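File shown here: coords-v3.tsv, holding TSV, C-alpha atoms and all ligand atoms.
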chain	number	residue	atom	x	y	z
H	89	MET	CA	210.76	281.32	119.95
H	90	HIS	CA	207.95	281.43	122.52
H	91	VAL	CA	204.89	283.36	121.30
H	92	LEU	CA	202.03	284.51	123.53
H	93	VAL	CA	198.82	284.82	121.52
H	94	THR	CA	196.03	286.69	123.28
H	95	GLY	CA	192.53	285.98	122.00
H	96	GLY	CA	193.92	282.77	120.50
H	97	ALA	CA	190.65	280.88	120.96
H	98	GLY	CA	188.77	283.29	118.68
H	99	PHE	CA	188.35	283.24	114.90
H	100	ILE	CA	191.57	284.89	113.65
H	101	GLY	CA	193.70	284.21	116.74
H	102	GLY	CA	192.73	280.52	116.52
H	103	ASN	CA	193.77	280.41	112.87
H	104	TYR	CA	197.06	282.09	113.82
H	105	VAL	CA	197.80	279.59	116.62
H	106	ARG	CA	197.04	276.64	114.33
H	107	ARG	CA	199.28	278.19	111.68
H	108	LEU	CA	202.20	278.60	114.11
H	109	LEU	CA	201.97	274.96	115.19
H	110	ASP	CA	200.93	273.06	112.04
H	111	GLY	CA	203.88	273.97	109.84
H	112	ARG	CA	202.25	276.69	107.71
H	113	SER	CA	204.30	279.47	109.31
H	114	ASP	CA	207.95	280.11	108.39
H	115	LEU	CA	208.61	281.50	111.86
H	116	ALA	CA	210.76	279.32	114.11
H	117	VAL	CA	208.20	278.91	116.88
H	118	ASP	CA	208.51	276.04	119.37
H	119	ARG	CA	206.12	277.23	122.07
H	120	VAL	CA	202.77	278.99	121.93
H	121	THR	CA	200.89	280.16	125.00
H	122	VAL	CA	197.30	281.20	124.39
H	123	LEU	CA	195.72	283.67	126.82
H	124	ASP	CA	191.98	283.87	126.27
H	125	LYS	CA	189.07	284.80	128.51
H	126	LEU	CA	186.71	282.47	126.61
H	127	THR	CA	183.95	285.02	126.17
H	128	TYR	CA	180.96	283.96	124.05
H	129	ALA	CA	183.31	284.36	121.02
H	130	GLY	CA	186.15	282.24	122.41
H	131	ASN	CA	185.98	278.51	121.81
H	132	LEU	CA	188.49	275.81	122.65
H	133	ALA	CA	187.15	273.80	119.70
H	134	ASN	CA	188.96	276.36	117.49
H	135	LEU	CA	192.23	274.92	118.77
H	136	ALA	CA	191.20	271.24	118.50
H	137	PRO	CA	193.41	270.49	115.47
H	138	VAL	CA	196.56	271.40	117.50
H	139	ALA	CA	195.28	270.57	121.00
H	140	ASP	CA	197.77	267.70	121.42
H	141	HIS	CA	200.78	269.68	120.20
H	142	PRO	CA	203.44	269.55	122.94
H	143	GLY	CA	204.31	273.24	122.36
H	144	LEU	CA	200.78	274.53	123.12
H	145	ARG	CA	199.68	275.84	126.50
H	146	PHE	CA	196.23	277.33	127.09
H	147	VAL	CA	195.56	279.79	129.90
H	148	GLN	CA	192.03	281.01	130.53
H	149	GLY	CA	192.24	284.61	131.72
H	150	ASP	CA	191.75	288.29	131.04
H	151	ILE	CA	194.24	290.57	129.25
H	152	ALA	CA	193.18	293.25	131.73
H	153	ASP	CA	194.42	291.19	134.72
H	154	PRO	CA	197.81	292.76	135.70
H	155	ASP	CA	199.09	289.91	137.91
H	156	LEU	CA	198.30	287.15	135.44
H	157	VAL	CA	199.71	289.06	132.47
H	158	ALA	CA	202.93	289.97	134.34
H	159	LYS	CA	203.46	286.28	135.19
H	160	LEU	CA	202.89	285.13	131.62
H	161	PHE	CA	205.19	287.78	130.12
H	162	ALA	CA	208.17	286.58	132.16
H	163	ASP	CA	209.49	284.14	129.55
H	164	VAL	CA	207.89	285.01	126.20
H	165	ASP	CA	209.71	286.45	123.18
H	166	VAL	CA	206.74	287.84	121.26
H	167	VAL	CA	203.17	288.87	122.07
H	168	VAL	CA	200.54	288.98	119.34
H	169	ASN	CA	197.42	290.68	120.67
H	170	PHE	CA	194.18	289.55	119.02
H	171	ALA	CA	192.05	289.71	122.18
H	172	ALA	CA	189.14	292.09	121.76
H	173	GLU	CA	185.42	292.52	121.81
H	174	THR	CA	184.80	292.54	118.06
H	175	HIS	CA	181.16	292.81	117.09
H	176	VAL	CA	180.03	296.27	115.94
H	177	ASP	CA	176.34	295.67	116.69
H	178	ARG	CA	177.12	294.61	120.26
H	179	SER	CA	179.29	297.74	120.69
H	180	ILE	CA	176.39	299.95	119.60
H	181	ARG	CA	174.09	298.31	122.15
H	182	ASP	CA	176.59	298.12	125.02
H	183	PRO	CA	180.03	299.72	124.59
H	184	ALA	CA	181.41	299.34	128.15
H	185	GLU	CA	183.02	295.92	127.65
H	186	PHE	CA	184.67	297.19	124.45
H	187	ILE	CA	186.42	299.96	126.39
H	188	ARG	CA	187.42	297.57	129.17
H	189	THR	CA	188.97	294.89	126.97
H	190	ASN	CA	190.05	296.76	123.83
H	191	VAL	CA	191.45	299.88	125.54
H	192	LEU	CA	192.24	299.05	129.19
H	193	GLY	CA	193.19	295.46	128.37
H	194	THR	CA	195.61	296.60	125.68
H	195	GLN	CA	197.14	299.21	128.02
H	196	ASN	CA	197.64	296.48	130.62
H	197	LEU	CA	199.52	294.38	128.03
H	198	LEU	CA	201.66	297.38	127.08
H	199	ASP	CA	202.53	298.06	130.74
H	200	ALA	CA	203.51	294.42	131.26
H	201	ALA	CA	205.56	294.43	128.04
H	202	ARG	CA	207.57	297.42	129.25
H	203	ALA	CA	208.09	295.96	132.70
H	204	ALA	CA	209.25	292.60	131.27
H	205	GLY	CA	211.48	294.15	128.59
H	206	LEU	CA	209.49	292.19	125.98
H	207	PRO	CA	211.50	291.87	122.72
H	208	ARG	CA	208.56	292.14	120.26
H	209	PHE	CA	204.85	293.05	120.31
H	210	VAL	CA	202.40	292.90	117.39
H	211	HIS	CA	199.04	294.55	117.98
H	212	ILE	CA	196.18	293.44	115.72
H	213	SER	CA	193.87	296.26	114.65
H	214	THR	CA	191.30	296.87	111.94
H	215	ASP	CA	190.59	299.09	108.92
H	216	GLU	CA	187.47	300.30	110.76
H	217	VAL	CA	189.62	302.78	112.73
H	218	TYR	CA	189.82	304.92	109.57
H	219	GLY	CA	186.03	305.42	109.37
H	220	SER	CA	184.41	305.26	105.93
H	221	ILE	CA	185.81	306.24	102.52
H	222	ASP	CA	183.75	306.90	99.37
H	223	GLU	CA	186.63	306.74	96.86
H	224	GLY	CA	190.27	305.73	96.87
H	225	ALA	CA	191.95	303.79	99.68
H	226	TRP	CA	193.44	304.53	103.09
H	227	THR	CA	197.18	304.57	103.61
H	228	GLU	CA	198.57	304.12	107.11
H	229	GLU	CA	198.97	307.92	107.46
H	230	TRP	CA	195.23	308.53	107.10
H	231	PRO	CA	193.71	310.26	110.16
H	232	LEU	CA	191.68	307.97	112.40
H	233	ALA	CA	187.94	308.74	112.26
H	234	PRO	CA	186.13	305.75	113.77
H	235	ASN	CA	182.33	305.71	113.73
H	236	SER	CA	181.25	302.79	115.93
H	237	PRO	CA	182.16	302.28	119.60
H	238	TYR	CA	184.02	299.12	118.49
H	239	ALA	CA	186.15	301.08	116.01
H	240	ALA	CA	186.65	303.95	118.49
H	241	ALA	CA	187.92	301.51	121.14
H	242	LYS	CA	190.26	299.88	118.60
H	243	ALA	CA	191.53	303.34	117.55
H	244	GLY	CA	192.16	304.21	121.21
H	245	ALA	CA	194.20	301.04	121.62
H	246	ASP	CA	196.19	301.78	118.46
H	247	LEU	CA	197.12	305.25	119.73
H	248	LEU	CA	198.15	303.90	123.14
H	249	ALA	CA	200.25	301.22	121.47
H	250	LEU	CA	202.01	303.75	119.23
H	251	ALA	CA	202.54	306.05	122.21
H	252	CYS	CA	204.20	303.17	124.08
H	253	ALA	CA	206.51	302.46	121.13
H	254	ARG	CA	207.46	306.14	120.78
H	255	THR	CA	207.70	307.06	124.47
H	256	HIS	CA	209.24	303.90	125.87
H	257	GLY	CA	210.87	302.35	122.79
H	258	LEU	CA	208.77	299.16	122.95
H	259	ASN	CA	209.44	297.17	119.77
H	260	LEU	CA	205.83	297.20	118.56
H	261	SER	CA	204.08	297.15	115.19
H	262	ILE	CA	200.37	297.41	114.40
H	263	THR	CA	198.43	295.63	111.66
H	264	ARG	CA	195.14	296.97	110.29
H	265	CYS	CA	193.25	294.42	108.23
H	266	SER	CA	190.08	294.47	106.17
H	267	ASN	CA	187.09	292.12	106.69
H	268	ASN	CA	188.16	288.51	107.21
H	269	TYR	CA	186.31	285.33	106.28
H	270	GLY	CA	187.07	281.64	106.65
H	271	PRO	CA	186.33	278.63	108.87
H	272	TYR	CA	185.71	278.92	112.64
H	273	GLN	CA	184.18	282.43	112.45
H	274	PHE	CA	181.50	282.95	115.08
H	275	PRO	CA	178.04	282.80	113.45
H	276	GLU	CA	177.08	286.39	114.32
H	277	LYS	CA	179.32	287.78	111.54
H	278	VAL	CA	177.79	288.08	108.10
H	279	ILE	CA	179.25	285.15	106.15
H	280	PRO	CA	178.81	282.45	108.82
H	281	LEU	CA	175.48	284.00	109.93
H	282	PHE	CA	174.07	283.87	106.40
H	283	VAL	CA	175.50	280.43	105.58
H	284	THR	CA	174.38	278.74	108.81
H	285	THR	CA	170.93	280.37	108.54
H	286	LEU	CA	170.45	279.29	104.91
H	287	LEU	CA	171.68	275.76	105.66
H	288	ARG	CA	168.84	275.57	108.22
H	289	GLY	CA	166.30	276.90	105.69
H	290	GLY	CA	165.97	280.31	107.38
H	291	SER	CA	165.92	283.86	105.98
H	292	VAL	CA	168.88	286.24	106.20
H	293	PRO	CA	168.75	289.89	107.33
H	294	LEU	CA	170.24	292.43	104.90
H	295	TYR	CA	170.91	295.92	106.23
H	296	GLY	CA	169.53	299.01	104.46
H	297	ASP	CA	170.00	299.15	100.66
H	298	GLY	CA	172.74	296.48	100.80
H	299	LEU	CA	175.16	298.75	98.92
H	300	ASN	CA	177.75	299.10	101.67
H	301	ILE	CA	181.11	297.94	100.35
H	302	ARG	CA	183.61	295.75	102.21
H	303	ASP	CA	187.01	294.38	101.16
H	304	TRP	CA	187.07	290.64	101.95
H	305	LEU	CA	190.30	288.85	102.79
H	306	HIS	CA	190.73	285.17	103.64
H	307	VAL	CA	191.90	284.67	107.23
H	308	ASP	CA	194.94	282.68	105.96
H	309	ASP	CA	196.11	285.75	104.02
H	310	HIS	CA	195.62	287.95	107.09
H	311	CYS	CA	197.72	285.57	109.20
H	312	ARG	CA	200.40	285.40	106.50
H	313	GLY	CA	200.59	289.20	106.65
H	314	ILE	CA	200.89	289.12	110.45
H	315	ASP	CA	203.85	286.70	110.22
H	316	LEU	CA	205.56	289.12	107.86
H	317	VAL	CA	204.98	292.12	110.12
H	318	LEU	CA	206.18	290.14	113.13
H	319	ALA	CA	209.41	289.20	111.34
H	320	LYS	CA	210.13	292.29	109.24
H	321	GLY	CA	207.92	295.15	110.47
H	322	GLU	CA	209.55	298.19	111.98
H	323	SER	CA	208.90	299.43	115.46
H	324	GLY	CA	206.32	302.19	115.82
H	325	GLU	CA	204.93	301.44	112.35
H	326	VAL	CA	201.44	300.51	111.16
H	327	TYR	CA	200.85	298.03	108.29
H	328	ASN	CA	197.56	297.77	106.39
H	329	ILE	CA	196.63	294.22	105.32
H	330	GLY	CA	194.13	294.08	102.49
H	331	GLY	CA	193.96	293.25	98.83
H	332	GLY	CA	191.09	290.83	99.01
H	333	ARG	CA	187.92	291.54	97.07
H	334	GLU	CA	185.67	294.63	97.26
H	335	LEU	CA	182.00	293.65	97.21
H	336	THR	CA	178.71	295.28	98.06
H	337	ASN	CA	176.75	293.42	100.71
H	338	ARG	CA	174.11	292.71	98.04
H	339	ARG	CA	176.65	291.02	95.77
H	340	LEU	CA	178.09	289.05	98.70
H	341	THR	CA	174.55	287.96	99.59
H	342	GLU	CA	173.91	286.82	95.99
H	343	LEU	CA	177.09	284.72	96.00
H	344	ILE	CA	176.15	283.08	99.31
H	345	LEU	CA	172.56	282.46	98.17
H	346	ASP	CA	173.83	280.77	94.97
H	347	ALA	CA	176.31	278.61	96.86
H	348	CYS	CA	173.63	277.53	99.34
H	349	GLY	CA	171.01	276.83	96.65
H	350	ALA	CA	168.71	279.66	97.82
H	351	ASP	CA	167.29	282.78	96.12
H	352	TRP	CA	166.25	286.34	97.06
H	353	SER	CA	163.07	285.07	98.69
H	354	ALA	CA	165.38	284.02	101.55
H	355	VAL	CA	166.49	287.64	102.13
H	356	ARG	CA	164.78	289.79	104.76
H	357	PRO	CA	165.57	293.53	104.41
H	358	VAL	CA	166.08	295.15	107.84
H	359	ALA	CA	166.57	298.77	108.94
H	360	ASP	CA	170.13	299.95	108.42
H	361	ARG	CA	172.68	299.75	111.24
H	362	LYS	CA	173.10	303.08	113.05
H	363	GLY	CA	176.13	304.98	111.71
H	364	HIS	CA	176.76	302.22	109.15
H	365	ASP	CA	180.08	302.85	107.38
H	366	ARG	CA	179.54	302.96	103.61
H	367	ARG	CA	182.84	301.68	102.30
H	368	TYR	CA	186.19	300.41	103.54
H	369	ALA	CA	189.26	300.22	101.28
H	370	LEU	CA	192.92	299.80	102.21
H	371	ASP	CA	196.11	300.71	100.39
H	372	ASP	CA	198.44	297.90	101.47
H	373	SER	CA	201.47	298.85	99.33
H	374	LYS	CA	203.63	299.35	102.44
H	375	LEU	CA	203.26	295.66	103.39
H	376	ARG	CA	203.67	294.62	99.76
H	377	THR	CA	207.16	296.14	99.79
H	378	LEU	CA	207.97	293.54	102.48
H	379	GLY	CA	206.75	290.77	100.12
H	380	TYR	CA	203.06	290.44	101.05
H	381	ARG	CA	200.62	289.11	98.45
H	382	PRO	CA	197.20	287.67	99.23
H	383	ARG	CA	196.99	284.14	97.81
H	384	VAL	CA	193.40	282.99	98.27
H	385	ALA	CA	191.10	283.92	95.36
H	386	PHE	CA	187.79	285.11	96.83
H	387	GLU	CA	185.47	282.74	94.92
H	388	GLU	CA	187.56	279.71	95.89
H	389	GLY	CA	187.96	280.84	99.47
H	390	LEU	CA	184.23	281.48	99.81
H	391	ALA	CA	183.32	278.10	98.30
H	392	GLU	CA	185.74	276.30	100.65
H	393	THR	CA	184.42	278.26	103.61
H	394	ILE	CA	180.80	277.37	102.83
H	395	THR	CA	181.79	273.71	102.43
H	396	TRP	CA	183.50	273.89	105.82
H	397	TYR	CA	180.30	275.18	107.50
H	398	ARG	CA	178.26	272.47	105.71
H	399	GLU	CA	180.60	269.80	107.07
H	400	HIS	CA	181.03	271.23	110.60
H	401	THR	CA	177.50	271.62	111.91
H	402	ASP	CA	178.81	270.10	115.17
H	403	TRP	CA	181.05	273.18	115.53
H	404	TRP	CA	178.41	275.87	114.94
H	405	ARG	CA	175.12	274.42	116.17
H	406	PRO	CA	176.07	274.74	119.87
H	407	LEU	CA	176.97	278.43	119.28
H	408	LEU	CA	173.61	279.48	117.88
H	409	SER	CA	172.03	280.40	121.20
H	410	ALA	CA	174.63	283.20	121.59
H	411	ALA	CA	174.41	284.38	117.96
H	412	PRO	CA	171.96	287.16	117.07
H	413	GLY	CA	169.50	286.38	114.30
H	414	ALA	CA	169.44	282.69	115.13
H	415	PRO	CA	166.02	281.18	115.84
H	416	THR	CA	167.15	280.30	119.35
H	417	GLY	CA	168.96	283.62	119.89
H	418	GLY	CA	168.34	287.37	119.99
H	419	ALA	CA	166.81	289.59	117.33
H	420	GLY	CA	169.84	291.42	115.94
H	421	ALA	CA	171.31	291.28	112.47
H	422	SER	CA	174.78	291.65	111.11
H	423	THR	CA	176.21	292.50	107.74
H	424	ASP	CA	179.79	293.03	108.83
H	425	ALA	CA	182.75	290.81	109.55
H	426	ASP	CA	183.50	292.56	112.79
X	1	LIG	P1	186.69	287.06	117.86
X	1	LIG	O1	185.59	287.82	118.49
X	1	LIG	O2	186.38	285.84	117.05
X	1	LIG	O3	187.72	286.58	119.00
X	1	LIG	C1	188.12	287.42	120.06
X	1	LIG	C2	188.79	286.52	121.09
X	1	LIG	O4	189.26	287.36	122.17
X	1	LIG	C3	187.86	285.50	121.72
X	1	LIG	O5	188.49	284.23	121.79
X	1	LIG	C4	187.59	286.04	123.12
X	1	LIG	O6	187.32	285.02	124.08
X	1	LIG	C5	188.90	286.76	123.40
X	1	LIG	N1	188.76	287.83	124.41
X	1	LIG	C6	187.81	288.80	124.47
X	1	LIG	N2	188.02	289.58	125.55
X	1	LIG	C7	189.14	289.10	126.17
X	1	LIG	C8	189.84	289.51	127.33
X	1	LIG	N3	189.46	290.55	128.07
X	1	LIG	N4	190.95	288.80	127.69
X	1	LIG	C9	191.35	287.72	126.94
X	1	LIG	N5	190.69	287.29	125.85
X	1	LIG	C10	189.60	287.99	125.46
X	1	LIG	O7	187.52	288.11	117.02
X	1	LIG	P2	188.31	287.97	115.63
X	1	LIG	O8	187.38	288.23	114.52
X	1	LIG	O9	189.12	286.75	115.67
X	1	LIG	O10	189.27	289.26	115.74
X	1	LIG	C11	190.56	289.16	116.36
X	1	LIG	C12	191.24	290.51	116.25
X	1	LIG	O11	191.36	290.90	114.88
X	1	LIG	C13	190.47	291.63	116.95
X	1	LIG	O12	191.41	292.45	117.62
X	1	LIG	C14	189.80	292.40	115.82
X	1	LIG	O13	189.64	293.75	116.13
X	1	LIG	C15	190.81	292.19	114.69
X	1	LIG	N6	190.24	292.24	113.32
X	1	LIG	C16	189.19	291.42	112.99
X	1	LIG	C17	188.72	291.44	111.66
X	1	LIG	C18	187.60	290.52	111.22
X	1	LIG	O14	187.17	290.63	110.06
X	1	LIG	N7	187.11	289.62	112.05
X	1	LIG	C19	189.30	292.29	110.71
X	1	LIG	C20	190.37	293.10	111.10
X	1	LIG	C21	190.84	293.05	112.42
Would you mind writing the structure in this file as structure tokens?
Amino acid sequence: MHVLVTGGAGFIGGNYVRRLLDGRSDLAVDRVTVLDKLTYAGNLANLAPVADHPGLRFVQGDIADPDLVAKLFADVDVVVNFAAETHVDRSIRDPAEFIRTNVLGTQNLLDAARAAGLPRFVHISTDEVYGSIDEGAWTEEWPLAPNSPYAAAKAGADLLALACARTHGLNLSITRCSNNYGPYQFPEKVIPLFVTTLLRGGSVPLYGDGLNIRDWLHVDDHCRGIDLVLAKGESGEVYNIGGGRELTNRRLTELILDACGADWSAVRPVADRKGHDRRYALDDSKLRTLGYRPRVAFEEGLAETITWYREHTDWWRPLLSAAPGAPTGGAGASTDAD
């Protein structure tokens, strides 16, 4: 099977490409083409562990480029679309690129998929399209009520993807996952931002009262869920991927401080993010009926992740100039995974 992974040089897409090629995936994949624009968030170093694999081909390019995408779709069996602008704070400051890539880019992929008669398409989305929920958990039928420009652009893409499945019969499924963590995450997102800042002896910015709640899932569990949806998901259906660990941002901060040998004196309260969603929570029972179970316990996954950042300063130091909150970077803050 030949899989085209868009955004495969990013955090989750990179993990997915490594998984397909290093034997962790049960899917019978012999070729992987990565299409990635290499924005500030894309990094070829994320593919270094599989760079010499004979089945890997990397193409630098834009998912919104019709000619390039049509050419690449000619001989692939499956497309998994991770490519997106992903940082909520950036979307609040400057939403245009989010509309261009997340909405128009996705529509371009859908058009090419129809034209090529693509056998299978998996579109990667997020729980943020549902908005914010005080109690209970979202099922896939929940109305979309996104609050940030990032989430609104992702919701737009989801609706276009479902419309393409329903109108044209494209064999397409959507995944909506909760906050991911793990190695190779760009240091503007909360866990790598806090860890890399504390490892350098800096102070970390905590939004508002710190009581916003997120459900944290290890990136390996997310990618395991994507494999399952690719293989067994039905066309025109959405699958939530969650089941990690619900934590307030304060509690998450405490755990990171402990693991990095720091205390609350290293925390700098900052004004809350505009329109900051209070809580995300997913009901993932639909995917569980296909056999999904998250496997990485949060405490272990977090400890391993922090160790990874400790041991890979060569990976993250060069990225700091593009990461907000870094001494050499801008003045923003982030307490979200995406
Ligand atoms: P990321 O920002 O780390 O990576 C995005 C990748 O897409 C980068 O490699 C970038 O270069 C590439 N890209 C951006 N614009 C492109 C374009 N126009 N053409 C081609 N490539 C382009 O993001 P991530 O955290 O790995 O997220 C991947 C996907 O998963 C996104 O669709 C996101 O919405 C979704 N998601 C993320 C999370 C999370 O916690 N990070 C949770 C749920 C869903």
I'd like the neighbourhood of range 196-208 of chain H as an MDAnalysis selection string, where a residue qualifies if any of its atoms comes within 12 Å (using all atoms listed in the file), though same-chain residues fewer than 6 positions away should be ignored.
chainID H and resid 89:94 123 150:171 188:190 245:253 255:262 317:324
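Between CA of Ala391 in chain H and CA of Leu115 in chain H the separation is 28.9 Å.
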Kindly assemble as a Markdown table a list of the chain H residues that lie within 7 Å of ligand LIG 1 (chain X), each paired with its nearest atom pair and their distance in Å to one decimal, using all atoms listed in the file, sorted first by chain and then by ascending residue number.
| residue | atom | partner | partner_atom | distance |
| --- | --- | --- | --- | --- |
| H:Thr94 | CA | X:LIG1 | N5 | 6.0 |
| H:Gly95 | CA | X:LIG1 | O4 | 3.6 |
| H:Gly96 | CA | X:LIG1 | O5 | 5.8 |
| H:Ala97 | CA | X:LIG1 | O5 | 4.1 |
| H:Gly98 | CA | X:LIG1 | O5 | 3.3 |
| H:Phe99 | CA | X:LIG1 | O9 | 3.7 |
| H:Ile100 | CA | X:LIG1 | O9 | 3.7 |
| H:Gly101 | CA | X:LIG1 | O9 | 5.3 |
| H:Leu123 | CA | X:LIG1 | C9 | 6.0 |
| H:Asp124 | CA | X:LIG1 | N5 | 3.7 |
| H:Lys125 | CA | X:LIG1 | N5 | 4.0 |
| H:Leu126 | CA | X:LIG1 | O6 | 3.6 |
| H:Thr127 | CA | X:LIG1 | O6 | 4.0 |
| H:Tyr128 | CA | X:LIG1 | O6 | 6.4 |
| H:Ala129 | CA | X:LIG1 | C3 | 4.7 |
| H:Gly130 | CA | X:LIG1 | O5 | 3.1 |
| H:Asn131 | CA | X:LIG1 | O5 | 6.2 |
| H:Gly149 | CA | X:LIG1 | C9 | 5.8 |
| H:Asp150 | CA | X:LIG1 | N4 | 3.5 |
| H:Ile151 | CA | X:LIG1 | N4 | 4.0 |
| H:Ala152 | CA | X:LIG1 | N3 | 5.9 |
| H:Asn169 | CA | X:LIG1 | O12 | 7.0 |
| H:Phe170 | CA | X:LIG1 | C12 | 4.2 |
| H:Ala171 | CA | X:LIG1 | O4 | 3.6 |
| H:Ala172 | CA | X:LIG1 | C6 | 4.5 |
| H:Glu173 | CA | X:LIG1 | C6 | 5.2 |
| H:Thr174 | CA | X:LIG1 | O1 | 4.8 |
| H:His175 | CA | X:LIG1 | O1 | 6.8 |
| H:Thr189 | CA | X:LIG1 | N3 | 4.5 |
| H:Gly193 | CA | X:LIG1 | N3 | 6.2 |
| H:Ile212 | CA | X:LIG1 | O12 | 5.2 |
| H:Ser213 | CA | X:LIG1 | C21 | 4.9 |
| H:Thr214 | CA | X:LIG1 | C21 | 3.9 |
| H:Asp215 | CA | X:LIG1 | C20 | 6.4 |
| H:Lys242 | CA | X:LIG1 | O13 | 6.6 |
| H:Arg264 | CA | X:LIG1 | C20 | 6.2 |
| H:Cys265 | CA | X:LIG1 | C20 | 4.3 |
| H:Ser266 | CA | X:LIG1 | C19 | 5.1 |
| H:Asn267 | CA | X:LIG1 | O14 | 3.7 |
| H:Asn268 | CA | X:LIG1 | O14 | 3.7 |
| H:Tyr269 | CA | X:LIG1 | O14 | 6.6 |
| H:Gln273 | CA | X:LIG1 | O2 | 6.1 |
| H:Phe274 | CA | X:LIG1 | O2 | 6.0 |
| H:Ala425 | CA | X:LIG1 | O14 | 4.5 |
| H:Asp426 | CA | X:LIG1 | N7 | 4.7 |
Hey, can you spit out that residue selection with C-alpha atoms as a short mmCIF file (atom, residue, chain, number, x, y, z; two decimals), keeping the file's coordinate frame?
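Saved to part_30.cif:
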data_model
loop_
_atom_site.label_atom_id
_atom_site.label_comp_id
_atom_site.auth_asym_id
_atom_site.auth_seq_id
_atom_site.Cartn_x
_atom_site.Cartn_y
_atom_site.Cartn_z
CA THR H 94 196.03 286.69 123.28
CA GLY H 95 192.53 285.98 122.00
CA GLY H 96 193.92 282.77 120.50
CA ALA H 97 190.65 280.88 120.96
CA GLY H 98 188.77 283.29 118.68
CA PHE H 99 188.35 283.24 114.90
CA ILE H 100 191.57 284.89 113.65
CA GLY H 101 193.70 284.21 116.74
CA LEU H 123 195.72 283.67 126.82
CA ASP H 124 191.98 283.87 126.27
CA LYS H 125 189.07 284.80 128.51
CA LEU H 126 186.71 282.47 126.61
CA THR H 127 183.95 285.02 126.17
CA TYR H 128 180.96 283.96 124.05
CA ALA H 129 183.31 284.36 121.02
CA GLY H 130 186.15 282.24 122.41
CA ASN H 131 185.98 278.51 121.81
CA GLY H 149 192.24 284.61 131.72
CA ASP H 150 191.75 288.29 131.04
CA ILE H 151 194.24 290.57 129.25
CA ALA H 152 193.18 293.25 131.73
CA ASN H 169 197.42 290.68 120.67
CA PHE H 170 194.18 289.55 119.02
CA ALA H 171 192.05 289.71 122.18
CA ALA H 172 189.14 292.09 121.76
CA GLU H 173 185.42 292.52 121.81
CA THR H 174 184.80 292.54 118.06
CA HIS H 175 181.16 292.81 117.09
CA THR H 189 188.97 294.89 126.97
CA GLY H 193 193.19 295.46 128.37
CA ILE H 212 196.18 293.44 115.72
CA SER H 213 193.87 296.26 114.65
CA THR H 214 191.30 296.87 111.94
CA ASP H 215 190.59 299.09 108.92
CA LYS H 242 190.26 299.88 118.60
CA ARG H 264 195.14 296.97 110.29
CA CYS H 265 193.25 294.42 108.23
CA SER H 266 190.08 294.47 106.17
CA ASN H 267 187.09 292.12 106.69
CA ASN H 268 188.16 288.51 107.21
CA TYR H 269 186.31 285.33 106.28
CA GLN H 273 184.18 282.43 112.45
CA PHE H 274 181.50 282.95 115.08
CA ALA H 425 182.75 290.81 109.55
CA ASP H 426 183.50 292.56 112.79
#
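The closest residue to Val117 in chain H, picked from H:Leu378, H:Ala139, H:Ile187, H:Leu144 and counting all atoms listed in the file, is H:Leu144.
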Enumerate, as a ChimeraX atom specification, the protein, DNA and RNA residues whose atoms approach (189.5, 277.1, 116.1) to within 8 Å, taking into account all atoms listed in the file and the coordinate frame of the file.
/H:97-99,102-103,106,131-137,272
Those selected residues, please, written with C-alpha atoms and delivered as a PDB file, keeping the file's coordinate frame.
ATOM      1  CA  ALA H  97     190.650 280.880 120.960  1.00  0.00           C
ATOM      2  CA  GLY H  98     188.770 283.290 118.680  1.00  0.00           C
ATOM      3  CA  PHE H  99     188.350 283.240 114.900  1.00  0.00           C
ATOM      4  CA  GLY H 102     192.730 280.520 116.520  1.00  0.00           C
ATOM      5  CA  ASN H 103     193.770 280.410 112.870  1.00  0.00           C
ATOM      6  CA  ARG H 106     197.040 276.640 114.330  1.00  0.00           C
ATOM      7  CA  ASN H 131     185.980 278.510 121.810  1.00  0.00           C
ATOM      8  CA  LEU H 132     188.490 275.810 122.650  1.00  0.00           C
ATOM      9  CA  ALA H 133     187.150 273.800 119.700  1.00  0.00           C
ATOM     10  CA  ASN H 134     188.960 276.360 117.490  1.00  0.00           C
ATOM     11  CA  LEU H 135     192.230 274.920 118.770  1.00  0.00           C
ATOM     12  CA  ALA H 136     191.200 271.240 118.500  1.00  0.00           C
ATOM     13  CA  PRO H 137     193.410 270.490 115.470  1.00  0.00           C
ATOM     14  CA  TYR H 272     185.710 278.920 112.640  1.00  0.00           C
TER      15      TYR H 272
END
So the first atom is CA of Val283 in chain H and the second is CA of Gly389 in chain H; what is the distance between them in Å, to one decimal place?
13.9 Å
Selection: 7 Å around Tyr238 in chain H, all atoms listed in the file, excl. self and same-chain fewer than 6 positions, as a list in words
Thr174, Val176, Ser179 and Phe186 of chain H
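Of the listed residues H:Arg178, H:Lys277, H:Arg405, H:Lys374, the one whose atoms come nearest to Pro237 in chain H is H:Arg178, with distances taken using all atoms listed in the file.
The shortest atom-to-atom distance to Glu228 in chain H, with only C-alpha atoms taken into account, belongs to H:Thr263 out of H:Pro142, H:Gly363, H:Thr263, H:Glu334.
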Distance CA of Arg312 in chain H-CA of Tyr104 in chain H, one decimal place?
8.7 Å
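Taking only C-alpha atoms into account, Phe146 in chain H lies nearest to H:Val105 out of the set H:Val105, H:Leu340, H:Leu375, H:Ala184.
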Mind dumping a table of every range 135-236 of chain H residue within 8 Å of range 364-368 of chain H, with the nearest atom pair and its distance in Å to one decimal, using all atoms listed in the file, sorted by chain and rising number, as a Markdown table?
| residue | atom | partner | partner_atom | distance |
| --- | --- | --- | --- | --- |
| H:Asp215 | CA | H:Tyr368 | CA | 7.1 |
| H:Glu216 | CA | H:Tyr368 | CA | 7.3 |
| H:Gly219 | CA | H:Asp365 | CA | 6.8 |
| H:Ser220 | CA | H:Asp365 | CA | 5.2 |
| H:Ile221 | CA | H:Arg367 | CA | 5.4 |
| H:Asp222 | CA | H:Arg367 | CA | 6.1 |
| H:Ala225 | CA | H:Tyr368 | CA | 7.7 |
| H:Asn235 | CA | H:Asp365 | CA | 7.3 |
